[in-house]
Amino acid sequence: MIVEIVTKSGRAMELHSFHKGRISIGRGYGNDLILQDPFMEAEHLDVWLDEESGKIFVQDKNTLNGTHIQRSEEYLPANEPIELAAGQILSLGKTHIRLVDKQQPLPAAIKLSVLEPMYTKLGSWWLTLLSALVLSALSLLAAYWAAPHSDKLLKELVQVVFMLASAIFYASLWLLVARLNNREGRFLFNVNLLLVLLVLDAIVQMLIPAYEFNLGWLLSGGYLMMLVMFLLTSGVLFISMTQTLNSKPWVALGFASVVGFLFVMDEISRSLFPPDFESAPAYNMTLVSPKYQFRGAVSEGAFLERVNASYQHYSSEDK
Amino acid sequence: MDNHTHSYCQQILLLWVFTLSVLLSAIPVQAQQQSSGQAEKAFAEFGSSIYQVRIINIKSQNLNSSGSGFYVGDGQLFATNYHVVSSVVLEPDEYKIIIEMGPEKVELDVVAIDVVNDLALLRVPRLGKALSLRESIPAKGEKMFSIGNPHNIGMTIVEGNYNGLADDYVFDRIHFSGALNPGMSGGPTIDAKGRVVGVNVQTAGNQVGFLVPVEKLSELLSSVNSQKAESEELDNLSTLETYQKLQLGIGNQILASTAKLIEEINETVWPREELADGLVVGKIHPGFHCWGQSDTDEKDKITTVRKSCNSRQSIYVSSELSSGFFEYEFQFVEAEEWPETAFYQYASLEFSQGRPSNRAGEDDVDNFSCINDVIERKPGEMRRKAAFCSRPYKKYPGLYDVFYMAVTTQKNDRALMEHFCLSGVSKENSDSFLQKFISQVEWK
């Protein structure tokens, strides 16, 4: 006989296993299962398994608050054996329990993700070191490109310290949540995950001008960056959640996309609701070095034709 | 692109008092030369033809701004600057024009405007003594008297000298060396015999004043007279209809003046000038002025050479809209010892700050719409990233502000930028200007 102390929604918090076929539950010290719920009687409930039929019976011992069968209006009648359906939750005072037979079949084991070997590697310290180094190199390169002759390039490393701190903060949050759920914290795994995100972000930032110049006419770099930001943040949150809390994929997906959306919400609302009037022209003058130019050119004549077709008419009905 | 080229234009103040509160903080009054006696005579004789023009806000019944004006023509017409009465022309429901004749307040209506030359003719219900207009051109240095009501402190006469037409102005202006001040706008400058030589319009400070030549006023007067002769229906138009007609005319006047300017520009062969490693366009119209600037940053190892030209004058339409201003600019940037990626990142930032060169708000213009492309003159030659933007005027159909910029993208450590901004142009004129402009710049 197994008694699960569960939450109201049925999630198991504690498990008590008994070898006896008949047990008593209550606040009193003479019970087989002692529960410290002040709304419960000293002698509250008897539970037994009928060996022949394999059915579970319960009997309320004429208690003050009664024993409630969850999801029904009914209370157990006092001093009368009642057969219990499988999986039913009983409320004794403010405690919820579920009675399970040892023979009851369990759901099949969940298959580990095919990415599991990769996730295991993600938790290694050398990856932390490597990504910290790559991040420093990328920050220095970005600073060098912004001002090649500056003698204060090393100042940019402060940025990297900030990034490391935020990765540690991020992993600590997951550690905390995991520990509260009695799970492994996977601290280094989450640190590395965020560092990899920052490395990817830095790389994308560097590639954006070349993208903008060559393919910007397809989807502007700003929108692409927004999309990439959303996918990266949501992806990282999804992996962290499924790996650290073993959450169901759709729960993790929901959480990750909502938080990911919060990161880009500001920019989305700005592009959806632009200011009514801008005095400056919103032209694009993103330039890249000749070796990254893969885009063909049009003749001056063809450009003039495009210009000629670009004039807008103003009509007050538009607004 | 940047503002330094406009600084000159900003120094020129329209001689118009915005509000009374502005008055008190305005330019300090300058000591006037002692008059030789002629000024006293002129003022005594012709002062009665000149009045302060008061723009009254109808709802608050208070003075909004003021200028000066004088009787012309048949004694029923009154001349002043367009910019003095612009708020009445554009918002006749909100403002009205008043002159005070002794204790009596007389309300005036605008009958004709010339926004390009900043002139307006008003009709006065009370007959007055008209000033005559001088037909002969005065000699340089001839003594003149400018009359008006500066800073709302009372009718004032200022002595100065005629200095001929200011050199190379797109729209003709007489240079008058006398102290014109805000509030004297629209007042006459007369010779010793009381004949009008010009209409006070602008000051550049320090005894440098500008007048609209009197011929422009005669032209406007004769257009009013011929209109009158042509049809009597003008008189039958309600005041509001007249103002609507005047408003529509503003767009056409701007269009006509920019069309003429572009025609003159496109007729000439544009001079080529060197700008560091590039060949760019020099002065394309006598009325344009060009400025050069260069900057070498020893530490960052970056050299910038810049040349910009503009038409100096713009057409005042309202306190929120100026138009008819042309500007073009070239910039050479060289960054030796820079990695290419860094150089192009710098250039992207440097050339992304483009702004329109004229003042215009949401009520007058729509947003710019732009196209971007990579262009080449011949395959592999003069490869540039180019952008063209235009915005239509909301009240004047067919008018646009246009913006063009292109930057070369072939060299590893140097780039040449070409740019122009035209305001108040038609699509056809803008296209013909761009067509010529786009084929000019070259590497040496």
# chains A, B, ... in the order shown; residues from 1 in each chain; ligands from 1
>>> residues_around(residues="Val199 in chain A", least_positions_apart="5", cutoff="8 Å", atoms="only C-alpha atoms", output="JSON, numbers by chain")
{"A": [131, 134, 135, 138]}
>>> closest_atom_pairs(of="chain A", to="chain B", cutoff="8 Å", atoms="only C-alpha atoms", output="CSV")
residue,atom,partner,partner_atom,distance
A:Tyr144,CA,B:Ala342,CA,7.6
A:Trp145,CA,B:Ala342,CA,4.2
A:Ala146,CA,B:Ala342,CA,6.0
A:Ala147,CA,B:Ala342,CA,7.3
A:Pro148,CA,B:Trp338,CA,6.4
A:His149,CA,B:Asp300,CA,5.3
A:Ser150,CA,B:Asp300,CA,7.2
A:Phe277,CA,B:Glu362,CA,5.8
A:Glu278,CA,B:Asn367,CA,6.0
A:Ser279,CA,B:Asn367,CA,6.9
A:Ala280,CA,B:Arg355,CA,5.1
A:Pro281,CA,B:Phe368,CA,5.2
A:Ala282,CA,B:Cys370,CA,6.8
A:Tyr283,CA,B:Cys370,CA,5.7
A:Asn284,CA,B:Asn372,CA,6.4
A:Met285,CA,B:Ser352,CA,5.7
A:Thr286,CA,B:Ser348,CA,5.0
A:Leu287,CA,B:Ser348,CA,5.3
A:Val288,CA,B:Tyr344,CA,5.2
A:Ser289,CA,B:Glu340,CA,5.5
A:Pro290,CA,B:Gln410,CA,5.7
A:Arg295,CA,B:Val374,CA,7.9
A:Gly296,CA,B:Val374,CA,7.3
A:Ala297,CA,B:Val374,CA,4.9
A:Val298,CA,B:Ile375,CA,4.8
A:Ser299,CA,B:Glu376,CA,5.1
A:Glu300,CA,B:Arg377,CA,5.7
A:Phe303,CA,B:Ile375,CA,7.0
A:Leu304,CA,B:Gln435,CA,6.9
A:Arg306,CA,B:Ile371,CA,7.8
A:Val307,CA,B:Phe388,CA,6.7
A:Asn308,CA,B:Asp431,CA,6.9
A:Ser310,CA,B:Ile371,CA,7.2
A:Tyr311,CA,B:Ser390,CA,6.2
A:Gln312,CA,B:Pro392,CA,6.5
A:His313,CA,B:Pro392,CA,6.4
A:Tyr314,CA,B:Lys394,CA,6.0
A:Ser315,CA,B:Lys394,CA,7.4
A:Ser316,CA,B:Lys394,CA,7.7
>>> residues_around(residues="Pro271 in chain B", least_positions_apart="6", cutoff="10 Å", atoms="only C-alpha atoms", output="PyMOL selection string")
chain B and resi 279-284+440
>>> select_by_dssp(residues="range 27-147 of chain B", states="strand (DSSP E or B)", output="PyMOL selection string")
chain B and resi 50-57+62-72+77-80+95-101+104-114+119-123+133+143-147
>>> residues_around(residues="Glu156 in chain A", least_positions_apart="3", cutoff="8 Å", atoms="only C-alpha atoms", output="PyMOL selection string")
chain A and resi 139-140+143+152-153+159-160
>>> write_last_selection(atoms="N, CA, C and O atoms", output="PDB file, in the first residue's frame")
ATOM      1  N   SER A 139      34.531  40.914 -28.519  1.00  0.00           N
ATOM      2  CA  SER A 139      34.340  42.282 -28.010  1.00  0.00           C
ATOM      3  C   SER A 139      35.505  43.173 -28.413  1.00  0.00           C
ATOM      4  O   SER A 139      35.319  44.319 -28.817  1.00  0.00           O
ATOM      5  N   LEU A 140      36.715  42.611 -28.313  1.00  0.00           N
ATOM      6  CA  LEU A 140      37.893  43.400 -28.697  1.00  0.00           C
ATOM      7  C   LEU A 140      37.870  43.713 -30.184  1.00  0.00           C
ATOM      8  O   LEU A 140      38.177  44.833 -30.601  1.00  0.00           O
ATOM      9  N   ALA A 143      35.403  46.418 -30.859  1.00  0.00           N
ATOM     10  CA  ALA A 143      35.943  47.704 -30.410  1.00  0.00           C
ATOM     11  C   ALA A 143      37.019  48.194 -31.378  1.00  0.00           C
ATOM     12  O   ALA A 143      37.102  49.382 -31.691  1.00  0.00           O
ATOM     13  N   LYS A 152      42.452  52.564 -26.003  1.00  0.00           N
ATOM     14  CA  LYS A 152      41.661  52.146 -24.833  1.00  0.00           C
ATOM     15  C   LYS A 152      40.831  50.909 -25.138  1.00  0.00           C
ATOM     16  O   LYS A 152      39.742  50.723 -24.607  1.00  0.00           O
ATOM     17  N   LEU A 153      41.346  50.070 -26.039  1.00  0.00           N
ATOM     18  CA  LEU A 153      40.568  48.897 -26.447  1.00  0.00           C
ATOM     19  C   LEU A 153      40.268  47.957 -25.283  1.00  0.00           C
ATOM     20  O   LEU A 153      39.200  47.362 -25.204  1.00  0.00           O
ATOM     21  N   GLN A 159      32.965  44.977 -20.471  1.00  0.00           N
ATOM     22  CA  GLN A 159      31.744  44.408 -21.046  1.00  0.00           C
ATOM     23  C   GLN A 159      31.686  42.907 -20.819  1.00  0.00           C
ATOM     24  O   GLN A 159      30.649  42.351 -20.478  1.00  0.00           O
ATOM     25  N   VAL A 160      32.842  42.251 -21.064  1.00  0.00           N
ATOM     26  CA  VAL A 160      32.880  40.795 -20.949  1.00  0.00           C
ATOM     27  C   VAL A 160      32.623  40.390 -19.495  1.00  0.00           C
ATOM     28  O   VAL A 160      31.915  39.413 -19.230  1.00  0.00           O
TER      29      VAL A 160
END
>>> closest_residue(among="B:Cys309, B:Glu135, B:Ala112, B:Ile50", to="Met184 in chain B", atoms="only C-alpha atoms")
B:Ile50
>>> residues_around(residues="Val53 in chain B", least_positions_apart="5", cutoff="6 Å", atoms="only C-alpha atoms", output="PDB file with N, CA, C and O atoms, in the first residue's frame")
ATOM      1  N   SER B  66       3.708  92.054 -35.441  1.00  0.00           N
ATOM      2  CA  SER B  66       3.504  93.326 -36.124  1.00  0.00           C
ATOM      3  C   SER B  66       4.597  93.577 -37.134  1.00  0.00           C
ATOM      4  O   SER B  66       5.663  92.987 -37.083  1.00  0.00           O
ATOM      5  N   GLY B  67       4.270  94.445 -38.076  1.00  0.00           N
ATOM      6  CA  GLY B  67       5.241  94.853 -39.083  1.00  0.00           C
ATOM      7  C   GLY B  67       4.887  96.251 -39.509  1.00  0.00           C
ATOM      8  O   GLY B  67       4.200  96.971 -38.775  1.00  0.00           O
ATOM      9  N   SER B  68       5.347  96.662 -40.703  1.00  0.00           N
ATOM     10  CA  SER B  68       5.028  97.997 -41.188  1.00  0.00           C
ATOM     11  C   SER B  68       4.499  97.889 -42.614  1.00  0.00           C
ATOM     12  O   SER B  68       4.623  96.835 -43.234  1.00  0.00           O
ATOM     13  N   ILE B  99      -4.807  98.255 -39.015  1.00  0.00           N
ATOM     14  CA  ILE B  99      -3.925  99.410 -38.831  1.00  0.00           C
ATOM     15  C   ILE B  99      -4.683 100.455 -38.024  1.00  0.00           C
ATOM     16  O   ILE B  99      -5.910 100.560 -38.127  1.00  0.00           O
TER      17      ILE B  99
END
>>> atom_distance(atom1="CA of Val89 in chain B", atom2="CA of Gln247 in chain B")
6.8 Å
>>> atom_distance(atom1="CA of Leu63 in chain B", atom2="CA of Leu220 in chain B")
27.8 Å
>>> select_by_dssp(residues="range 26-242 of chain A", states="helix (DSSP H, G or I)", output="count of residues only")
108
>>> atom_distance(atom1="CA of Leu221 in chain B", atom2="CA of Gly73 in chain B")
7.1 Å
>>> residues_around(residues="Asn163 in chain B", least_positions_apart="6", cutoff="10 Å", atoms="only C-alpha atoms", output="VMD selection string")
chain B and resid 138 to 143 174 to 177 210
>>> write_last_selection(atoms="C-alpha atoms", output="compact mmCIF listing (two decimals), in the first residue's frame")
# COMPACT_ATOMS: atom_id res chain seq x y z
CA PRO B 138 19.84 104.99 -57.71
CA ALA B 139 23.59 105.49 -57.62
CA LYS B 140 25.57 103.45 -55.17
CA GLY B 141 25.92 105.39 -51.93
CA GLU B 142 22.82 107.51 -52.42
CA LYS B 143 21.22 108.46 -49.15
CA ILE B 174 18.99 95.40 -52.46
CA HIS B 175 21.77 95.83 -49.95
CA PHE B 176 20.91 98.77 -47.72
CA SER B 177 23.47 99.83 -45.16
CA PHE B 210 18.09 93.87 -47.29
>>> residues_around(residues="range 43-57 of chain A", least_positions_apart="4", cutoff="7 Å", atoms="only C-alpha atoms", output="JSON list (two decimals) with N, CA, C and O atoms, in the first residue's frame")
[["chain", "number", "residue", "atom", "x", "y", "z"],
["A", 21, "GLY", "N", -1.26, -4.54, 4.72],
["A", 21, "GLY", "CA", -2.41, -4.42, 3.82],
["A", 21, "GLY", "C", -3.44, -3.46, 4.36],
["A", 21, "GLY", "O", -4.36, -3.05, 3.66],
["A", 22, "ARG", "N", -3.29, -3.05, 5.68],
["A", 22, "ARG", "CA", -4.29, -2.17, 6.27],
["A", 22, "ARG", "C", -3.56, -1.12, 7.10],
["A", 22, "ARG", "O", -2.74, -1.44, 7.96],
["A", 23, "ILE", "N", -3.87, 0.12, 6.88],
["A", 23, "ILE", "CA", -3.21, 1.18, 7.64],
["A", 23, "ILE", "C", -4.23, 2.19, 8.16],
["A", 23, "ILE", "O", -5.33, 2.30, 7.62],
["A", 24, "SER", "N", -3.78, 2.93, 9.21],
["A", 24, "SER", "CA", -4.63, 3.99, 9.73],
["A", 24, "SER", "C", -3.91, 5.32, 9.54],
["A", 24, "SER", "O", -2.69, 5.39, 9.62],
["A", 25, "ILE", "N", -4.72, 6.35, 9.30],
["A", 25, "ILE", "CA", -4.16, 7.69, 9.06],
["A", 25, "ILE", "C", -4.79, 8.67, 10.03],
["A", 25, "ILE", "O", -6.01, 8.60, 10.27],
["A", 26, "GLY", "N", -3.98, 9.59, 10.61],
["A", 26, "GLY", "CA", -4.54, 10.59, 11.52],
["A", 26, "GLY", "C", -3.43, 11.38, 12.18],
["A", 26, "GLY", "O", -2.25, 11.22, 11.85],
["A", 27, "ARG", "N", -3.85, 12.29, 13.10],
["A", 27, "ARG", "CA", -2.89, 13.15, 13.79],
["A", 27, "ARG", "C", -2.23, 12.41, 14.96],
["A", 27, "ARG", "O", -1.14, 12.73, 15.39],
["A", 28, "GLY", "N", -2.94, 11.39, 15.48],
["A", 28, "GLY", "CA", -2.48, 10.69, 16.67],
["A", 28, "GLY", "C", -1.23, 9.87, 16.44],
["A", 28, "GLY", "O", -0.96, 9.42, 15.32],
["A", 61, "LYS", "N", -13.66, 7.74, 10.24],
["A", 61, "LYS", "CA", -13.97, 7.35, 11.61],
["A", 61, "LYS", "C", -14.82, 8.41, 12.30],
["A", 61, "LYS", "O", -14.48, 8.87, 13.39],
["A", 63, "THR", "N", -15.50, 11.77, 11.69],
["A", 63, "THR", "CA", -14.65, 12.92, 11.98],
["A", 63, "THR", "C", -15.42, 14.23, 11.93],
["A", 63, "THR", "O", -16.49, 14.30, 11.33],
["A", 81, "PRO", "N", -17.38, 1.21, 5.17],
["A", 81, "PRO", "CA", -16.33, 0.96, 4.17],
["A", 81, "PRO", "C", -16.81, 1.37, 2.78],
["A", 81, "PRO", "O", -17.93, 1.04, 2.40],
["A", 82, "ILE", "N", -15.97, 2.11, 2.12],
["A", 82, "ILE", "CA", -16.32, 2.60, 0.77],
["A", 82, "ILE", "C", -15.21, 2.21, -0.19],
["A", 82, "ILE", "O", -14.03, 2.36, 0.12],
["A", 83, "GLU", "N", -15.60, 1.74, -1.35],
["A", 83, "GLU", "CA", -14.59, 1.38, -2.35],
["A", 83, "GLU", "C", -14.15, 2.64, -3.09],
["A", 83, "GLU", "O", -14.96, 3.51, -3.40],
["A", 84, "LEU", "N", -12.87, 2.70, -3.34],
["A", 84, "LEU", "CA", -12.33, 3.91, -3.98],
["A", 84, "LEU", "C", -11.96, 3.62, -5.43],
["A", 84, "LEU", "O", -11.37, 2.59, -5.72]]
>>> closest_residue(among="A:Ile268, A:Leu231, A:Ile34, A:Leu164", to="Ala256 in chain A", atoms="only C-alpha atoms")
A:Leu231
>>> closest_residue(among="A:Gly30, A:Pro274, A:Gly222, A:Gly254", to="Leu237 in chain A", atoms="only C-alpha atoms")
A:Gly254
>>> decode(residues="range 38-59 of chain B", atoms="N, CA, C and O atoms", output="PDB file, in the first residue's frame")
ATOM      1  N   GLN B  38      17.381 116.208 -43.704  1.00  0.00           N
ATOM      2  CA  GLN B  38      16.598 115.603 -44.774  1.00  0.00           C
ATOM      3  C   GLN B  38      15.620 114.586 -44.205  1.00  0.00           C
ATOM      4  O   GLN B  38      14.492 114.476 -44.660  1.00  0.00           O
ATOM      5  N   ALA B  39      16.096 113.822 -43.217  1.00  0.00           N
ATOM      6  CA  ALA B  39      15.269 112.780 -42.625  1.00  0.00           C
ATOM      7  C   ALA B  39      14.025 113.381 -41.996  1.00  0.00           C
ATOM      8  O   ALA B  39      12.922 112.866 -42.167  1.00  0.00           O
ATOM      9  N   GLU B  40      14.203 114.515 -41.304  1.00  0.00           N
ATOM     10  CA  GLU B  40      13.057 115.162 -40.655  1.00  0.00           C
ATOM     11  C   GLU B  40      12.018 115.556 -41.684  1.00  0.00           C
ATOM     12  O   GLU B  40      10.823 115.349 -41.518  1.00  0.00           O
ATOM     13  N   LYS B  41      12.545 116.075 -42.805  1.00  0.00           N
ATOM     14  CA  LYS B  41      11.661 116.535 -43.866  1.00  0.00           C
ATOM     15  C   LYS B  41      10.896 115.366 -44.471  1.00  0.00           C
ATOM     16  O   LYS B  41       9.682 115.412 -44.639  1.00  0.00           O
ATOM     17  N   ALA B  42      11.650 114.297 -44.747  1.00  0.00           N
ATOM     18  CA  ALA B  42      11.041 113.120 -45.368  1.00  0.00           C
ATOM     19  C   ALA B  42       9.954 112.545 -44.472  1.00  0.00           C
ATOM     20  O   ALA B  42       8.861 112.210 -44.919  1.00  0.00           O
ATOM     21  N   PHE B  43      10.277 112.478 -43.210  1.00  0.00           N
ATOM     22  CA  PHE B  43       9.324 111.868 -42.277  1.00  0.00           C
ATOM     23  C   PHE B  43       8.055 112.704 -42.172  1.00  0.00           C
ATOM     24  O   PHE B  43       6.941 112.191 -42.185  1.00  0.00           O
ATOM     25  N   ALA B  44       8.255 114.021 -42.114  1.00  0.00           N
ATOM     26  CA  ALA B  44       7.120 114.933 -41.988  1.00  0.00           C
ATOM     27  C   ALA B  44       6.218 114.825 -43.208  1.00  0.00           C
ATOM     28  O   ALA B  44       4.996 114.853 -43.113  1.00  0.00           O
ATOM     29  N   GLU B  45       6.859 114.659 -44.368  1.00  0.00           N
ATOM     30  CA  GLU B  45       6.093 114.675 -45.606  1.00  0.00           C
ATOM     31  C   GLU B  45       5.408 113.345 -45.895  1.00  0.00           C
ATOM     32  O   GLU B  45       4.283 113.309 -46.345  1.00  0.00           O
ATOM     33  N   PHE B  46       6.138 112.224 -45.618  1.00  0.00           N
ATOM     34  CA  PHE B  46       5.630 110.938 -46.069  1.00  0.00           C
ATOM     35  C   PHE B  46       5.189 110.016 -44.923  1.00  0.00           C
ATOM     36  O   PHE B  46       4.663 108.953 -45.165  1.00  0.00           O
ATOM     37  N   GLY B  47       5.435 110.473 -43.727  1.00  0.00           N
ATOM     38  CA  GLY B  47       5.080 109.647 -42.563  1.00  0.00           C
ATOM     39  C   GLY B  47       3.606 109.253 -42.549  1.00  0.00           C
ATOM     40  O   GLY B  47       3.253 108.177 -42.081  1.00  0.00           O
ATOM     41  N   SER B  48       2.746 110.121 -43.113  1.00  0.00           N
ATOM     42  CA  SER B  48       1.314 109.852 -43.048  1.00  0.00           C
ATOM     43  C   SER B  48       0.888 108.725 -43.982  1.00  0.00           C
ATOM     44  O   SER B  48      -0.247 108.274 -43.934  1.00  0.00           O
ATOM     45  N   SER B  49       1.779 108.285 -44.867  1.00  0.00           N
ATOM     46  CA  SER B  49       1.442 107.178 -45.766  1.00  0.00           C
ATOM     47  C   SER B  49       1.851 105.830 -45.175  1.00  0.00           C
ATOM     48  O   SER B  49       1.604 104.792 -45.746  1.00  0.00           O
ATOM     49  N   ILE B  50       2.545 105.859 -44.042  1.00  0.00           N
ATOM     50  CA  ILE B  50       3.141 104.634 -43.494  1.00  0.00           C
ATOM     51  C   ILE B  50       2.499 104.314 -42.152  1.00  0.00           C
ATOM     52  O   ILE B  50       2.362 105.181 -41.291  1.00  0.00           O
ATOM     53  N   TYR B  51       2.097 103.048 -42.006  1.00  0.00           N
ATOM     54  CA  TYR B  51       1.431 102.638 -40.771  1.00  0.00           C
ATOM     55  C   TYR B  51       2.038 101.354 -40.232  1.00  0.00           C
ATOM     56  O   TYR B  51       2.628 100.581 -40.973  1.00  0.00           O
ATOM     57  N   GLN B  52       1.806 101.154 -38.954  1.00  0.00           N
ATOM     58  CA  GLN B  52       2.179  99.869 -38.389  1.00  0.00           C
ATOM     59  C   GLN B  52       1.085  98.854 -38.738  1.00  0.00           C
ATOM     60  O   GLN B  52      -0.103  99.136 -38.609  1.00  0.00           O
ATOM     61  N   VAL B  53       1.502  97.674 -39.192  1.00  0.00           N
ATOM     62  CA  VAL B  53       0.555  96.611 -39.511  1.00  0.00           C
ATOM     63  C   VAL B  53       0.472  95.704 -38.296  1.00  0.00           C
ATOM     64  O   VAL B  53       1.479  95.156 -37.851  1.00  0.00           O
ATOM     65  N   ARG B  54      -0.735  95.599 -37.735  1.00  0.00           N
ATOM     66  CA  ARG B  54      -0.872  94.792 -36.522  1.00  0.00           C
ATOM     67  C   ARG B  54      -1.658  93.530 -36.839  1.00  0.00           C
ATOM     68  O   ARG B  54      -2.746  93.588 -37.388  1.00  0.00           O
ATOM     69  N   ILE B  55      -1.068  92.382 -36.505  1.00  0.00           N
ATOM     70  CA  ILE B  55      -1.757  91.110 -36.717  1.00  0.00           C
ATOM     71  C   ILE B  55      -2.397  90.731 -35.393  1.00  0.00           C
ATOM     72  O   ILE B  55      -1.716  90.547 -34.385  1.00  0.00           O
ATOM     73  N   ILE B  56      -3.736  90.681 -35.412  1.00  0.00           N
ATOM     74  CA  ILE B  56      -4.482  90.432 -34.178  1.00  0.00           C
ATOM     75  C   ILE B  56      -5.006  89.004 -34.173  1.00  0.00           C
ATOM     76  O   ILE B  56      -5.572  88.541 -35.172  1.00  0.00           O
ATOM     77  N   ASN B  57      -4.790  88.319 -33.105  1.00  0.00           N
ATOM     78  CA  ASN B  57      -5.394  87.004 -32.933  1.00  0.00           C
ATOM     79  C   ASN B  57      -6.857  87.210 -32.563  1.00  0.00           C
ATOM     80  O   ASN B  57      -7.169  87.891 -31.584  1.00  0.00           O
ATOM     81  N   ILE B  58      -7.754  86.649 -33.398  1.00  0.00           N
ATOM     82  CA  ILE B  58      -9.176  86.963 -33.248  1.00  0.00           C
ATOM     83  C   ILE B  58      -9.734  86.436 -31.925  1.00  0.00           C
ATOM     84  O   ILE B  58     -10.478  87.110 -31.220  1.00  0.00           O
ATOM     85  N   LYS B  59      -9.328  85.201 -31.569  1.00  0.00           N
ATOM     86  CA  LYS B  59      -9.916  84.596 -30.370  1.00  0.00           C
ATOM     87  C   LYS B  59      -9.481  85.287 -29.091  1.00  0.00           C
ATOM     88  O   LYS B  59     -10.276  85.465 -28.168  1.00  0.00           O
TER      89      LYS B  59
END
